[in-house]
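Reproduced below: my_file38.tsv, with TSV, C-alpha atoms.
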```tsv
chain	number	residue	atom	x	y	z
A	1	MET	CA	3.42	19.69	0.25
A	2	VAL	CA	0.48	17.74	1.60
A	3	ALA	CA	-0.32	15.54	-1.37
A	4	ALA	CA	1.53	13.89	-4.22
A	5	ASN	CA	-0.53	15.78	-6.80
A	6	LEU	CA	0.95	19.12	-5.76
A	7	GLN	CA	3.70	20.44	-7.96
A	8	ALA	CA	7.22	19.28	-7.11
A	9	ALA	CA	10.23	21.54	-6.90
A	10	GLY	CA	11.02	20.93	-10.56
A	11	GLY	CA	7.60	22.18	-11.66
A	12	ASP	CA	6.20	18.79	-12.53
A	13	SER	CA	2.47	18.37	-12.03
A	14	PHE	CA	0.33	15.34	-11.32
A	15	GLU	CA	-0.40	15.13	-15.04
A	16	ASP	CA	3.36	15.09	-15.82
A	17	ARG	CA	3.90	12.10	-13.57
A	18	PHE	CA	0.64	10.32	-14.35
A	19	PRO	CA	-0.26	10.80	-18.05
A	20	LYS	CA	-3.94	10.69	-18.82
A	21	PRO	CA	-5.08	7.17	-19.77
A	22	GLN	CA	-5.89	6.49	-23.38
A	23	PHE	CA	-9.34	5.44	-24.56
A	24	ASN	CA	-8.46	1.76	-24.28
A	25	ASP	CA	-7.38	2.26	-20.65
A	26	ARG	CA	-10.77	3.62	-19.68
A	27	PHE	CA	-13.24	1.62	-21.76
A	28	PRO	CA	-13.38	-2.12	-22.34
A	29	THR	CA	-12.94	-3.79	-25.66
A	30	ALA	CA	-15.54	-6.14	-27.05
A	31	SER	CA	-13.93	-9.02	-25.16
A	32	GLU	CA	-13.91	-7.24	-21.79
A	33	SER	CA	-16.57	-6.33	-19.22
A	34	LEU	CA	-17.01	-3.42	-16.88
A	35	VAL	CA	-18.38	-5.78	-14.23
A	36	GLN	CA	-15.59	-7.34	-12.20
A	37	ARG	CA	-16.77	-10.85	-11.45
A	38	ARG	CA	-13.54	-12.76	-11.02
A	39	VAL	CA	-10.29	-11.44	-9.63
A	40	ALA	CA	-7.01	-13.27	-10.03
A	41	LEU	CA	-3.36	-12.56	-10.61
A	42	ALA	CA	-0.58	-14.98	-11.24
A	43	PRO	CA	2.20	-15.55	-13.76
A	44	PRO	CA	1.13	-17.82	-16.62
A	45	GLN	CA	2.85	-20.87	-15.15
A	46	ARG	CA	0.90	-20.68	-11.88
A	47	LYS	CA	-2.41	-22.45	-11.31
A	48	VAL	CA	-4.65	-19.89	-9.64
A	49	ARG	CA	-8.05	-20.36	-8.06
A	50	THR	CA	-10.38	-17.39	-8.34
A	51	GLU	CA	-13.60	-16.88	-6.43
A	52	PRO	CA	-16.68	-14.70	-7.01
A	53	VAL	CA	-16.71	-11.37	-5.19
A	54	ARG	CA	-19.90	-9.87	-3.80
A	55	VAL	CA	-18.95	-6.20	-3.62
A	56	ALA	CA	-21.73	-5.19	-1.24
A	57	SER	CA	-20.91	-7.92	1.25
A	58	LEU	CA	-18.82	-7.24	4.35
A	59	THR	CA	-17.61	-10.84	4.43
A	60	PRO	CA	-15.99	-12.99	1.72
A	61	THR	CA	-18.22	-15.28	-0.26
A	62	LEU	CA	-15.64	-18.05	-0.14
A	63	THR	CA	-16.03	-21.49	1.36
A	64	LEU	CA	-12.58	-23.02	1.01
A	65	PRO	CA	-11.84	-26.68	1.58
A	66	GLN	CA	-9.52	-27.76	4.35
A	67	ALA	CA	-6.54	-28.90	2.35
A	68	THR	CA	-2.83	-29.23	2.71
A	69	ALA	CA	-2.15	-28.16	-0.87
A	70	ARG	CA	-3.61	-24.68	-1.35
A	71	GLU	CA	-3.55	-22.67	-4.54
A	72	GLU	CA	-2.58	-19.04	-4.87
A	73	LEU	CA	-5.45	-16.64	-4.25
A	74	THR	CA	-5.98	-13.01	-5.17
A	75	THR	CA	-9.38	-11.53	-4.50
A	76	LEU	CA	-11.33	-8.47	-3.39
A	77	VAL	CA	-12.97	-8.32	0.02
A	78	SER	CA	-15.17	-5.51	1.28
A	79	MET	CA	-14.16	-4.38	4.79
A	80	LYS	CA	-16.07	-1.90	6.92
A	81	SER	CA	-12.79	-0.61	8.47
A	82	SER	CA	-11.18	0.18	5.12
A	83	ALA	CA	-10.36	3.80	4.27
A	84	PHE	CA	-13.73	4.68	2.71
A	85	PRO	CA	-16.57	5.53	2.96
A	86	TYR	CA	-15.51	8.20	5.44
A	87	PHE	CA	-17.86	10.72	7.06
A	88	GLY	CA	-15.52	12.19	9.66
A	89	THR	CA	-13.35	15.29	9.68
A	90	ASN	CA	-10.09	16.29	8.07
A	91	PRO	CA	-7.65	16.33	11.02
A	92	ARG	CA	-5.68	19.20	9.54
A	93	SER	CA	-8.65	21.55	9.68
A	94	ASP	CA	-11.20	19.78	11.89
A	95	ALA	CA	-13.68	20.57	9.12
A	96	PRO	CA	-15.93	17.86	7.67
A	97	PHE	CA	-14.12	15.80	5.04
A	98	LEU	CA	-17.17	15.93	2.78
A	99	ASN	CA	-17.06	19.71	2.54
A	100	ILE	CA	-19.21	20.42	-0.48
A	101	SER	CA	-22.72	19.45	-1.53
A	102	ASN	CA	-25.00	19.57	-4.54
A	103	GLY	CA	-28.49	18.78	-3.39
A	104	ASP	CA	-28.28	15.42	-1.62
A	105	ARG	CA	-24.91	14.69	-3.18
A	106	LYS	CA	-21.83	15.14	-0.99
A	107	GLY	CA	-18.29	15.70	-2.14
A	108	HIS	CA	-14.79	16.73	-1.13
A	109	ARG	CA	-12.87	19.69	-2.49
A	110	SER	CA	-9.25	18.54	-2.60
A	111	TYR	CA	-6.17	20.57	-1.76
A	112	GLY	CA	-5.78	21.22	-5.47
A	113	GLY	CA	-9.28	22.70	-5.66
A	114	ARG	CA	-10.92	19.89	-7.57
A	115	VAL	CA	-14.22	18.45	-6.35
A	116	TYR	CA	-14.56	14.69	-6.04
A	117	TRP	CA	-17.95	13.19	-5.23
A	118	GLN	CA	-18.41	10.71	-2.42
A	119	ASP	CA	-20.46	8.25	-4.48
A	120	GLU	CA	-17.79	8.07	-7.20
A	121	THR	CA	-14.48	8.53	-5.39
A	122	TYR	CA	-14.87	7.75	-1.69
A	123	ASN	CA	-17.35	4.87	-1.61
A	124	ASP	CA	-15.24	1.78	-2.30
A	125	SER	CA	-14.57	-0.31	0.81
A	126	ARG	CA	-12.84	-3.14	-1.00
A	127	VAL	CA	-9.40	-4.48	-0.13
A	128	LEU	CA	-7.17	-6.43	-2.49
A	129	VAL	CA	-6.11	-9.57	-0.59
A	130	HIS	CA	-3.37	-11.86	-1.85
A	131	VAL	CA	-2.33	-15.18	-0.32
A	132	PRO	CA	0.62	-16.84	-2.10
A	133	GLU	CA	0.44	-20.54	-2.85
A	134	ASN	CA	3.26	-21.36	-0.43
A	135	PHE	CA	2.05	-19.22	2.46
A	136	ASP	CA	1.96	-21.22	5.70
A	137	VAL	CA	0.20	-19.64	8.67
A	138	ARG	CA	1.95	-22.12	10.98
A	139	LYS	CA	5.32	-20.51	10.21
A	140	PRO	CA	6.58	-17.02	11.13
A	141	GLY	CA	4.97	-14.64	8.68
A	142	VAL	CA	4.20	-11.02	7.93
A	143	ILE	CA	1.25	-8.96	6.71
A	144	VAL	CA	2.20	-6.49	3.98
A	145	VAL	CA	-0.12	-3.47	3.79
A	146	PHE	CA	0.17	-1.54	0.51
A	147	PHE	CA	-1.13	2.03	0.28
A	148	HIS	CA	-1.40	2.96	-3.39
A	149	GLY	CA	-0.82	6.40	-4.87
A	150	ASN	CA	-3.01	8.91	-6.65
A	151	GLY	CA	-5.07	8.08	-9.70
A	152	ALA	CA	-5.29	4.36	-8.96
A	153	THR	CA	-7.66	1.44	-8.75
A	154	LEU	CA	-6.91	-1.92	-7.17
A	155	GLU	CA	-7.44	-4.04	-10.26
A	156	ARG	CA	-6.00	-1.86	-13.01
A	157	ASP	CA	-3.03	-0.47	-11.11
A	158	VAL	CA	-2.09	-2.35	-7.92
A	159	ARG	CA	-2.82	-5.79	-9.33
A	160	ASP	CA	-2.22	-5.59	-13.08
A	161	ARG	CA	0.19	-2.70	-13.70
A	162	GLN	CA	2.27	-2.54	-10.51
A	163	LEU	CA	2.20	-6.31	-9.98
A	164	VAL	CA	2.17	-5.99	-6.20
A	165	PRO	CA	0.62	-9.44	-5.54
A	166	GLN	CA	3.09	-11.03	-7.93
A	167	GLN	CA	6.00	-9.28	-6.22
A	168	ILE	CA	4.82	-10.63	-2.85
A	169	SER	CA	4.74	-14.19	-4.21
A	170	ASP	CA	8.03	-13.90	-6.08
A	171	SER	CA	9.86	-12.62	-2.99
A	172	GLY	CA	9.54	-16.06	-1.41
A	173	VAL	CA	8.65	-14.43	1.91
A	174	ASN	CA	5.93	-16.00	4.04
A	175	ALA	CA	3.64	-13.01	3.60
A	176	VAL	CA	0.08	-12.03	2.73
A	177	LEU	CA	-1.04	-8.75	1.17
A	178	LEU	CA	-3.72	-6.24	2.13
A	179	ALA	CA	-4.18	-3.28	-0.22
A	180	PRO	CA	-7.16	-1.04	0.66
A	181	GLN	CA	-8.76	1.09	-2.03
A	182	LEU	CA	-8.13	4.76	-1.28
A	183	ALA	CA	-9.59	7.60	-3.39
A	184	VAL	CA	-10.69	5.93	-6.62
A	185	ASN	CA	-8.77	7.10	-9.69
A	186	ALA	CA	-8.31	10.58	-8.22
A	187	ALA	CA	-5.49	13.05	-7.60
A	188	ASP	CA	-6.15	12.90	-3.88
A	189	SER	CA	-4.16	11.37	-0.99
A	190	SER	CA	-6.85	11.48	1.70
A	191	ALA	CA	-6.44	8.80	4.37
A	192	GLY	CA	-10.11	8.39	5.30
A	193	LYS	CA	-10.57	6.12	8.33
A	194	PHE	CA	-6.80	5.82	8.68
A	195	TRP	CA	-6.85	9.43	9.93
A	196	GLN	CA	-8.76	8.27	13.00
A	197	PRO	CA	-7.02	7.20	16.23
A	198	GLY	CA	-6.94	3.40	16.20
A	199	GLY	CA	-8.15	3.27	12.60
A	200	PHE	CA	-5.24	1.17	11.35
A	201	LYS	CA	-5.64	-1.24	14.28
A	202	ARG	CA	-9.33	-1.72	13.50
A	203	PHE	CA	-8.43	-2.45	9.88
A	204	ILE	CA	-5.80	-5.03	10.86
A	205	ASP	CA	-8.07	-6.58	13.48
A	206	GLU	CA	-10.91	-7.01	10.99
A	207	SER	CA	-8.56	-8.49	8.41
A	208	ALA	CA	-7.62	-11.40	10.70
A	209	SER	CA	-10.93	-13.23	10.29
A	210	HIS	CA	-10.99	-12.58	6.54
A	211	LEU	CA	-7.45	-13.91	6.11
A	212	ALA	CA	-8.22	-16.95	8.23
A	213	ARG	CA	-11.25	-17.78	6.10
A	214	LEU	CA	-9.39	-17.21	2.85
A	215	THR	CA	-6.55	-19.51	3.86
A	216	GLY	CA	-9.06	-22.23	4.67
A	217	ASP	CA	-8.42	-22.37	8.42
A	218	PRO	CA	-10.82	-20.27	10.52
A	219	ASN	CA	-8.81	-21.23	13.61
A	220	SER	CA	-5.81	-19.29	12.28
A	221	ALA	CA	-7.41	-15.89	13.01
A	222	GLN	CA	-5.38	-15.54	16.21
A	223	ALA	CA	-2.14	-16.06	14.30
A	224	PHE	CA	-3.05	-13.25	11.89
A	225	ALA	CA	-4.14	-11.08	14.82
A	226	ASN	CA	-0.59	-11.18	16.18
A	227	MET	CA	1.39	-11.21	12.94
A	228	PRO	CA	3.96	-8.42	12.38
A	229	ILE	CA	3.26	-5.83	9.70
A	230	VAL	CA	5.27	-4.17	6.95
A	231	ILE	CA	3.73	-1.03	5.41
A	232	VAL	CA	4.57	-0.11	1.82
A	233	GLY	CA	3.50	3.38	0.75
A	234	TYR	CA	3.77	4.61	-2.83
A	235	SER	CA	3.46	8.26	-3.85
A	236	GLY	CA	0.25	9.68	-2.34
A	237	GLY	CA	0.12	6.62	-0.10
A	238	PHE	CA	2.48	8.55	2.19
A	239	LEU	CA	-0.49	10.12	3.97
A	240	PRO	CA	-2.28	6.97	5.20
A	241	THR	CA	1.15	5.48	5.97
A	242	ALA	CA	2.18	8.42	8.16
A	243	TRP	CA	-1.12	8.59	10.04
A	244	SER	CA	-1.20	4.82	10.55
A	245	LEU	CA	2.23	5.05	12.18
A	246	ASP	CA	1.27	8.05	14.28
A	247	VAL	CA	-2.26	7.30	15.53
A	248	GLY	CA	-2.97	3.84	14.11
A	249	GLY	CA	-2.83	2.17	17.50
A	250	ILE	CA	-0.23	-0.55	16.81
A	251	PRO	CA	3.09	1.22	16.06
A	252	ASN	CA	5.20	-1.49	17.70
A	253	ARG	CA	3.60	-4.22	15.61
A	254	VAL	CA	4.78	-2.46	12.44
A	255	ARG	CA	8.22	-3.96	11.88
A	256	GLY	CA	9.07	-2.23	8.62
A	257	VAL	CA	8.16	0.78	6.48
A	258	PHE	CA	9.03	1.05	2.79
A	259	LEU	CA	8.28	4.31	0.93
A	260	LEU	CA	8.38	4.43	-2.85
A	261	ASP	CA	8.93	8.04	-3.99
A	262	ALA	CA	6.54	9.00	-1.21
A	263	VAL	CA	8.12	11.54	1.17
A	264	TYR	CA	5.84	14.45	0.32
A	265	GLY	CA	5.25	15.55	3.89
A	266	GLU	CA	4.45	14.39	7.45
A	267	LEU	CA	8.20	14.20	8.13
A	268	ASP	CA	7.72	14.44	11.89
A	269	LYS	CA	5.49	11.35	11.91
A	270	PHE	CA	8.05	9.28	10.01
A	271	ALA	CA	10.94	10.56	12.14
A	272	ASN	CA	9.10	9.87	15.40
A	273	TRP	CA	8.24	6.32	14.38
A	274	ILE	CA	11.83	5.61	13.35
A	275	GLU	CA	13.18	7.02	16.62
A	276	SER	CA	10.70	5.01	18.72
A	277	ASN	CA	11.00	1.69	16.84
A	278	ARG	CA	14.65	0.76	16.61
A	279	SER	CA	13.86	-2.93	16.14
A	280	GLY	CA	12.14	-2.23	12.82
A	281	PHE	CA	13.50	-1.02	9.49
A	282	PHE	CA	12.76	2.03	7.34
A	283	VAL	CA	13.52	2.33	3.62
A	284	SER	CA	12.79	5.30	1.36
A	285	SER	CA	13.72	5.21	-2.30
A	286	TYR	CA	13.17	8.38	-4.26
A	287	THR	CA	13.44	10.32	-7.51
A	288	ARG	CA	13.92	14.04	-8.08
A	289	TYR	CA	10.23	14.58	-7.27
A	290	THR	CA	10.73	13.90	-3.56
A	291	LYS	CA	14.50	14.44	-3.23
A	292	ARG	CA	14.18	17.69	-1.27
A	293	ARG	CA	11.89	16.20	1.36
A	294	ASP	CA	13.92	13.00	1.62
A	295	ARG	CA	17.05	15.08	2.28
A	296	GLU	CA	15.15	17.01	4.98
A	297	LEU	CA	14.13	13.76	6.65
A	298	ILE	CA	17.71	12.47	6.52
A	299	GLU	CA	18.94	15.57	8.34
A	300	MET	CA	16.16	15.30	10.93
A	301	LEU	CA	17.20	11.74	11.70
A	302	ARG	CA	20.91	12.54	11.87
A	303	ASP	CA	20.14	15.36	14.29
A	304	LYS	CA	18.48	12.71	16.49
A	305	GLY	CA	21.66	10.64	16.37
A	306	ILE	CA	20.17	7.97	14.09
A	307	THR	CA	22.52	6.36	11.58
A	308	VAL	CA	21.35	6.68	7.99
A	309	THR	CA	22.64	4.55	5.11
A	310	GLU	CA	22.35	5.77	1.53
A	311	ASN	CA	22.59	2.46	-0.29
A	312	ILE	CA	20.71	-0.81	-0.07
A	313	ASP	CA	23.46	-3.24	-1.02
A	314	GLY	CA	23.34	-5.28	2.18
A	315	PRO	CA	20.57	-7.06	4.08
A	316	LEU	CA	18.10	-5.15	6.19
A	317	ARG	CA	18.63	-5.45	9.92
A	318	PRO	CA	16.73	-4.25	13.00
A	319	GLY	CA	17.18	-0.49	13.13
A	320	SER	CA	18.20	-0.13	9.46
A	321	VAL	CA	17.36	3.30	8.05
A	322	VAL	CA	18.06	3.41	4.32
A	323	PHE	CA	17.56	6.13	1.72
A	324	VAL	CA	18.17	5.30	-1.94
A	325	GLN	CA	18.20	7.92	-4.69
A	326	THR	CA	17.40	6.44	-8.07
A	327	ARG	CA	19.03	7.47	-11.32
A	328	ASP	CA	17.59	9.97	-13.76
A	329	GLY	CA	15.24	8.44	-16.27
A	330	ILE	CA	13.30	6.39	-13.72
A	331	THR	CA	9.70	7.56	-13.91
A	332	HIS	CA	7.42	8.17	-10.95
A	333	ARG	CA	4.49	6.41	-12.60
A	334	ASP	CA	6.40	3.14	-13.03
A	335	TYR	CA	8.24	3.32	-9.71
A	336	VAL	CA	6.52	0.33	-8.09
A	337	THR	CA	7.96	-1.95	-10.78
A	338	GLN	CA	11.19	-0.07	-11.60
A	339	ALA	CA	13.09	1.92	-8.96
A	340	TRP	CA	16.78	1.30	-8.17
A	341	THR	CA	15.98	-2.28	-9.20
A	342	GLU	CA	13.22	-4.10	-10.99
A	343	HIS	CA	10.34	-5.07	-8.67
A	344	PRO	CA	11.51	-3.18	-5.57
A	345	VAL	CA	8.78	-4.54	-3.27
A	346	LYS	CA	10.03	-8.06	-3.96
A	347	GLU	CA	13.63	-6.94	-3.35
A	348	VAL	CA	13.00	-5.26	0.00
A	349	LEU	CA	11.01	-8.22	1.33
A	350	ALA	CA	13.76	-10.62	0.25
A	351	LYS	CA	16.41	-8.47	1.95
A	352	MET	CA	14.33	-8.39	5.11
A	353	ALA	CA	14.06	-12.17	5.14
A	354	ALA	CA	17.79	-12.56	4.46
A	355	SER	CA	18.64	-10.98	7.82
A	356	PRO	CA	18.85	-13.59	10.61
A	357	ALA	CA	17.56	-11.03	13.11
A	358	LEU	CA	14.40	-10.46	11.04
A	359	THR	CA	13.68	-13.99	9.82
A	360	ARG	CA	11.59	-14.59	12.92
A	361	ILE	CA	8.88	-12.53	11.23
A	362	ALA	CA	9.17	-13.93	7.72
A	363	SER	CA	10.61	-16.94	5.97
A	364	GLY	CA	12.30	-16.16	2.69
A	365	PRO	CA	14.17	-17.80	-0.17
A	366	SER	CA	17.43	-19.56	0.57
A	367	GLN	CA	20.64	-17.86	-0.44
A	368	ALA	CA	21.13	-20.59	-3.02
A	369	ASN	CA	18.03	-19.38	-4.83
A	370	ARG	CA	18.90	-15.69	-4.68
```

Can the structure from this file be put into structure tokens for me?
Amino acid sequence: MVAANLQAAGGDSFEDRFPKPQFNDRFPTASESLVQRRVALAPPQRKVRTEPVRVASLTPTLTLPQATAREELTTLVSMKSSAFPYFGTNPRSDAPFLNISNGDRKGHRSYGGRVYWQDETYNDSRVLVHVPENFDVRKPGVIVVFFHGNGATLERDVRDRQLVPQQISDSGVNAVLLAPQLAVNAADSSAGKFWQPGGFKRFIDESASHLARLTGDPNSAQAFANMPIVIVGYSGGFLPTAWSLDVGGIPNRVRGVFLLDAVYGELDKFANWIESNRSGFFVSSYTRYTKRRDRELIEMLRDKGITVTENIDGPLRPGSVVFVQTRDGITHRDYVTQAWTEHPVKEVLAKMAASPALTRIASGPSQANR
């Protein structure tokens, strides 16, 4: 398989795992607006500052005060190094990615045969950025990069349904979130600029100045430029994850990889990164949809002499390689909020921070609060 929308061994299709949205999911009610002017996410008890977003701008529109007490911030920032727009080639075929046209309109015919148009699906350069209220750039920290799955948008899915920013905050880890928009609301896993050698590095490098400005301290850009990274890939997000590890340009700066029902292919890229980065951790939790490929990856790693654990009861340590099969009844669509545990992103980050050997890259909650 090369994409999460291909049929799994059990015969389940993309539509089985991602039911079509109802009318109310697609169209606003009388109290809603199609124009996204303010972006914020926080539990009701949190006081959250939101800021206007200028979608066409390549820099944030924020001018934040220098303050010791900073509020939680979730916003959208357009970045030129994000996955799309992308006008390069597909590395699997060396053919142009935009491989179909209708007059002046360009599009991409996906592996499943469906045509997606560049102006609708591959033209969103925005990145969901989340800075928790208690984040302190002066302390050891981590950048979490989240690659969403098929059929998703940043606001509707990553922010509101999958609660990824909230999970980052609730973990207690000194972390910030970057979640680039991939193919918009489409059954397509294309990696865009993350296919390119050094593409992931350019994305992380550009993010440093944005994060510094958003946290209110432009002088902190150097701290973000050196901060370790944890990549979380869900479902079709396996493709940009794998290519970022393989050709992204900063494999040793990635200190952890967490896959959520996402081993659909590129096994060699994951195995090579694990073998070459024994100071980092790798976690893959899976359902029946990806079980066959996860088992293949486990055998590949054991053949390399790498110890694999098949439970996640203990803390994560440098070199931890963990595979967790989740029980029947757990759905692929809801996997980011309900896997082997509720809010698995929060759980993995907390386990990372609980390990003394990994706390140098992130500060987490005390054991008394766990």

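All protein and nucleic acid residues in the vicinity of (1.2, -20.8, 12.4), that is within 10 Å when counting all atoms listed in the file, are Asp136, Val137, Arg138, Lys139, Pro140, Gly141, Ser220, Ala221, Gln222, Ala223, Phe224 and Met227 of chain A.
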
Selected residue of minimal separation from Ala175 of chain A among A:Asp157, A:Glu133, A:Asp94, A:Asp104, counting all atoms listed in the file: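 Closest candidate: A:Glu133.
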
Residue contacts of Val129 of chain A (10 Å, only C-alpha atoms) excluding same-chain residues fewer than 4 positions away, as a list of chain:residue names: A:Leu73, A:Thr74, A:Thr75, A:Leu76, A:Val77, A:Val144, A:Val145, A:Pro165, A:Val176, A:Leu177, A:Leu178, A:Ala179, A:Pro180, A:Ser207, A:His210, A:Leu211, A:Leu214

Those residues with C-alpha atoms, as an mmCIF file, in the frame of the given file please?
```cif
data_model
loop_
_atom_site.group_PDB
_atom_site.id
_atom_site.type_symbol
_atom_site.label_atom_id
_atom_site.label_comp_id
_atom_site.auth_asym_id
_atom_site.auth_seq_id
_atom_site.Cartn_x
_atom_site.Cartn_y
_atom_site.Cartn_z
ATOM 1 C CA LEU A 73 -5.450 -16.640 -4.250
ATOM 2 C CA THR A 74 -5.980 -13.010 -5.170
ATOM 3 C CA THR A 75 -9.380 -11.530 -4.500
ATOM 4 C CA LEU A 76 -11.330 -8.470 -3.390
ATOM 5 C CA VAL A 77 -12.970 -8.320 0.020
ATOM 6 C CA VAL A 144 2.200 -6.490 3.980
ATOM 7 C CA VAL A 145 -0.120 -3.470 3.790
ATOM 8 C CA PRO A 165 0.620 -9.440 -5.540
ATOM 9 C CA VAL A 176 0.080 -12.030 2.730
ATOM 10 C CA LEU A 177 -1.040 -8.750 1.170
ATOM 11 C CA LEU A 178 -3.720 -6.240 2.130
ATOM 12 C CA ALA A 179 -4.180 -3.280 -0.220
ATOM 13 C CA PRO A 180 -7.160 -1.040 0.660
ATOM 14 C CA SER A 207 -8.560 -8.490 8.410
ATOM 15 C CA HIS A 210 -10.990 -12.580 6.540
ATOM 16 C CA LEU A 211 -7.450 -13.910 6.110
ATOM 17 C CA LEU A 214 -9.390 -17.210 2.850
#
```

Selection near segment 96-98 of chain A, 7 Å with only C-alpha atoms, sequence-local residues under 3 positions removed, as a PyMOL selection string: chain A and resi 87-90+106-108

Spatial neighbours of Glu275 of chain A, 8 Å, all atoms listed in the file, chain gap at least 2 places, as number ranges by chain: A: 271-273, 277-278, 301, 304, 306

Distance query segment 284-295 of chain A at most 9 Å, only C-alpha atoms, self and fewer than 2 positions along chain excluded, as a VMD selection string: chain A and resid 7 to 10 12 257 to 265 267 282 297 to 300 321 to 328 330 to 332 335 339 to 340

Residues as selected, C-alpha atoms, written as a CSV table (one decimal), in the coordinates of the input, can you do that?
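Written output follows (selection-v7.csv):
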```csv
chain,number,residue,atom,x,y,z
A,7,GLN,CA,3.7,20.4,-8.0
A,8,ALA,CA,7.2,19.3,-7.1
A,9,ALA,CA,10.2,21.5,-6.9
A,10,GLY,CA,11.0,20.9,-10.6
A,12,ASP,CA,6.2,18.8,-12.5
A,257,VAL,CA,8.2,0.8,6.5
A,258,PHE,CA,9.0,1.0,2.8
A,259,LEU,CA,8.3,4.3,0.9
A,260,LEU,CA,8.4,4.4,-2.8
A,261,ASP,CA,8.9,8.0,-4.0
A,262,ALA,CA,6.5,9.0,-1.2
A,263,VAL,CA,8.1,11.5,1.2
A,264,TYR,CA,5.8,14.4,0.3
A,265,GLY,CA,5.2,15.6,3.9
A,267,LEU,CA,8.2,14.2,8.1
A,282,PHE,CA,12.8,2.0,7.3
A,297,LEU,CA,14.1,13.8,6.6
A,298,ILE,CA,17.7,12.5,6.5
A,299,GLU,CA,18.9,15.6,8.3
A,300,MET,CA,16.2,15.3,10.9
A,321,VAL,CA,17.4,3.3,8.0
A,322,VAL,CA,18.1,3.4,4.3
A,323,PHE,CA,17.6,6.1,1.7
A,324,VAL,CA,18.2,5.3,-1.9
A,325,GLN,CA,18.2,7.9,-4.7
A,326,THR,CA,17.4,6.4,-8.1
A,327,ARG,CA,19.0,7.5,-11.3
A,328,ASP,CA,17.6,10.0,-13.8
A,330,ILE,CA,13.3,6.4,-13.7
A,331,THR,CA,9.7,7.6,-13.9
A,332,HIS,CA,7.4,8.2,-11.0
A,335,TYR,CA,8.2,3.3,-9.7
A,339,ALA,CA,13.1,1.9,-9.0
A,340,TRP,CA,16.8,1.3,-8.2
```

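Within 8 Å of the file-frame point (-2.0, 5.7, 14.0), and using all atoms listed in the file, the polymer residues found are Phe194, Trp195, Gln196, Pro197, Gly198, Gly199, Phe200, Lys201, Ala242, Trp243, Ser244, Leu245, Asp246, Val247, Gly248, Gly249, Ile250 and Pro251 of chain A.
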
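One finds atom CA of Ser93 of chain A at 26.1 Å from atom CA of Ile231 of chain A.
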
Within 8 Å of Lys351 of chain A using all atoms listed in the file, minus same-chain residues under 5 positions, as a PyMOL selection string: chain A and resi 314-316

Separation of atom CA of Gln166 of chain A from atom CA of Tyr122 of chain A in Å: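 Result for atom CA of Tyr122 of chain A versus atom CA of Gln166 of chain A: 26.7 Å, one decimal.
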
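Take the candidates A:Ser189, A:Thr215, A:Gln167, A:Thr309 and check each one against Ser235 of chain A using all atoms listed in the file; the shortest distance goes to A:Ser189.
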
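The spacing separating atom CA of Gln338 of chain A from atom CA of Ala83 of chain A amounts to 27.0 Å.
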
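Proximity to Arg202 of chain A was assessed for A:Asn311, A:Ala225, A:Gly305, A:Asp217 counting only C-alpha atoms; the smallest distance is recorded for A:Ala225.
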
Which residue of A:Val348, A:Ile274, A:Leu154, A:Ala353 approaches Arg302 of chain A most closely, using only C-alpha atoms: A:Ile274

Around all of segment 182-189 of chain A's listed atoms, make the axis-aligned box with 8 Å on each side and tell me centre and edge lengths in Å to one decimal, as lines of an AutoDock Vina configuration file.
```
center_x = -7.4
center_y = 8.9
center_z = -5.3
size_x = 22.5
size_y = 24.3
size_z = 24.7
```

Would you mind putting back N, CA, C and O atoms on segment 218-224 of chain A, then writing it out as a short mmCIF file (atom, residue, chain, number, x, y, z; two decimals), keeping the file's coordinate frame?
```cif
data_model
loop_
_atom_site.label_atom_id
_atom_site.label_comp_id
_atom_site.auth_asym_id
_atom_site.auth_seq_id
_atom_site.Cartn_x
_atom_site.Cartn_y
_atom_site.Cartn_z
N PRO A 218 -10.25 -21.31 9.65
CA PRO A 218 -10.82 -20.27 10.52
C PRO A 218 -10.13 -20.17 11.86
O PRO A 218 -10.16 -19.12 12.50
N ASN A 219 -9.49 -21.25 12.31
CA ASN A 219 -8.81 -21.23 13.61
C ASN A 219 -7.50 -20.45 13.58
O ASN A 219 -6.88 -20.24 14.63
N SER A 220 -7.07 -20.02 12.38
CA SER A 220 -5.81 -19.29 12.28
C SER A 220 -5.97 -17.79 12.51
O SER A 220 -5.00 -17.04 12.40
N ALA A 221 -7.18 -17.33 12.83
CA ALA A 221 -7.41 -15.89 13.01
C ALA A 221 -6.49 -15.30 14.08
O ALA A 221 -6.00 -14.18 13.93
N GLN A 222 -6.24 -16.06 15.15
CA GLN A 222 -5.38 -15.54 16.21
C GLN A 222 -3.96 -15.34 15.73
O GLN A 222 -3.28 -14.39 16.13
N ALA A 223 -3.48 -16.23 14.85
CA ALA A 223 -2.14 -16.06 14.30
C ALA A 223 -2.04 -14.77 13.49
O ALA A 223 -1.07 -14.01 13.60
N PHE A 224 -3.06 -14.49 12.66
CA PHE A 224 -3.05 -13.25 11.89
C PHE A 224 -3.21 -12.03 12.80
O PHE A 224 -2.66 -10.97 12.51
#
```
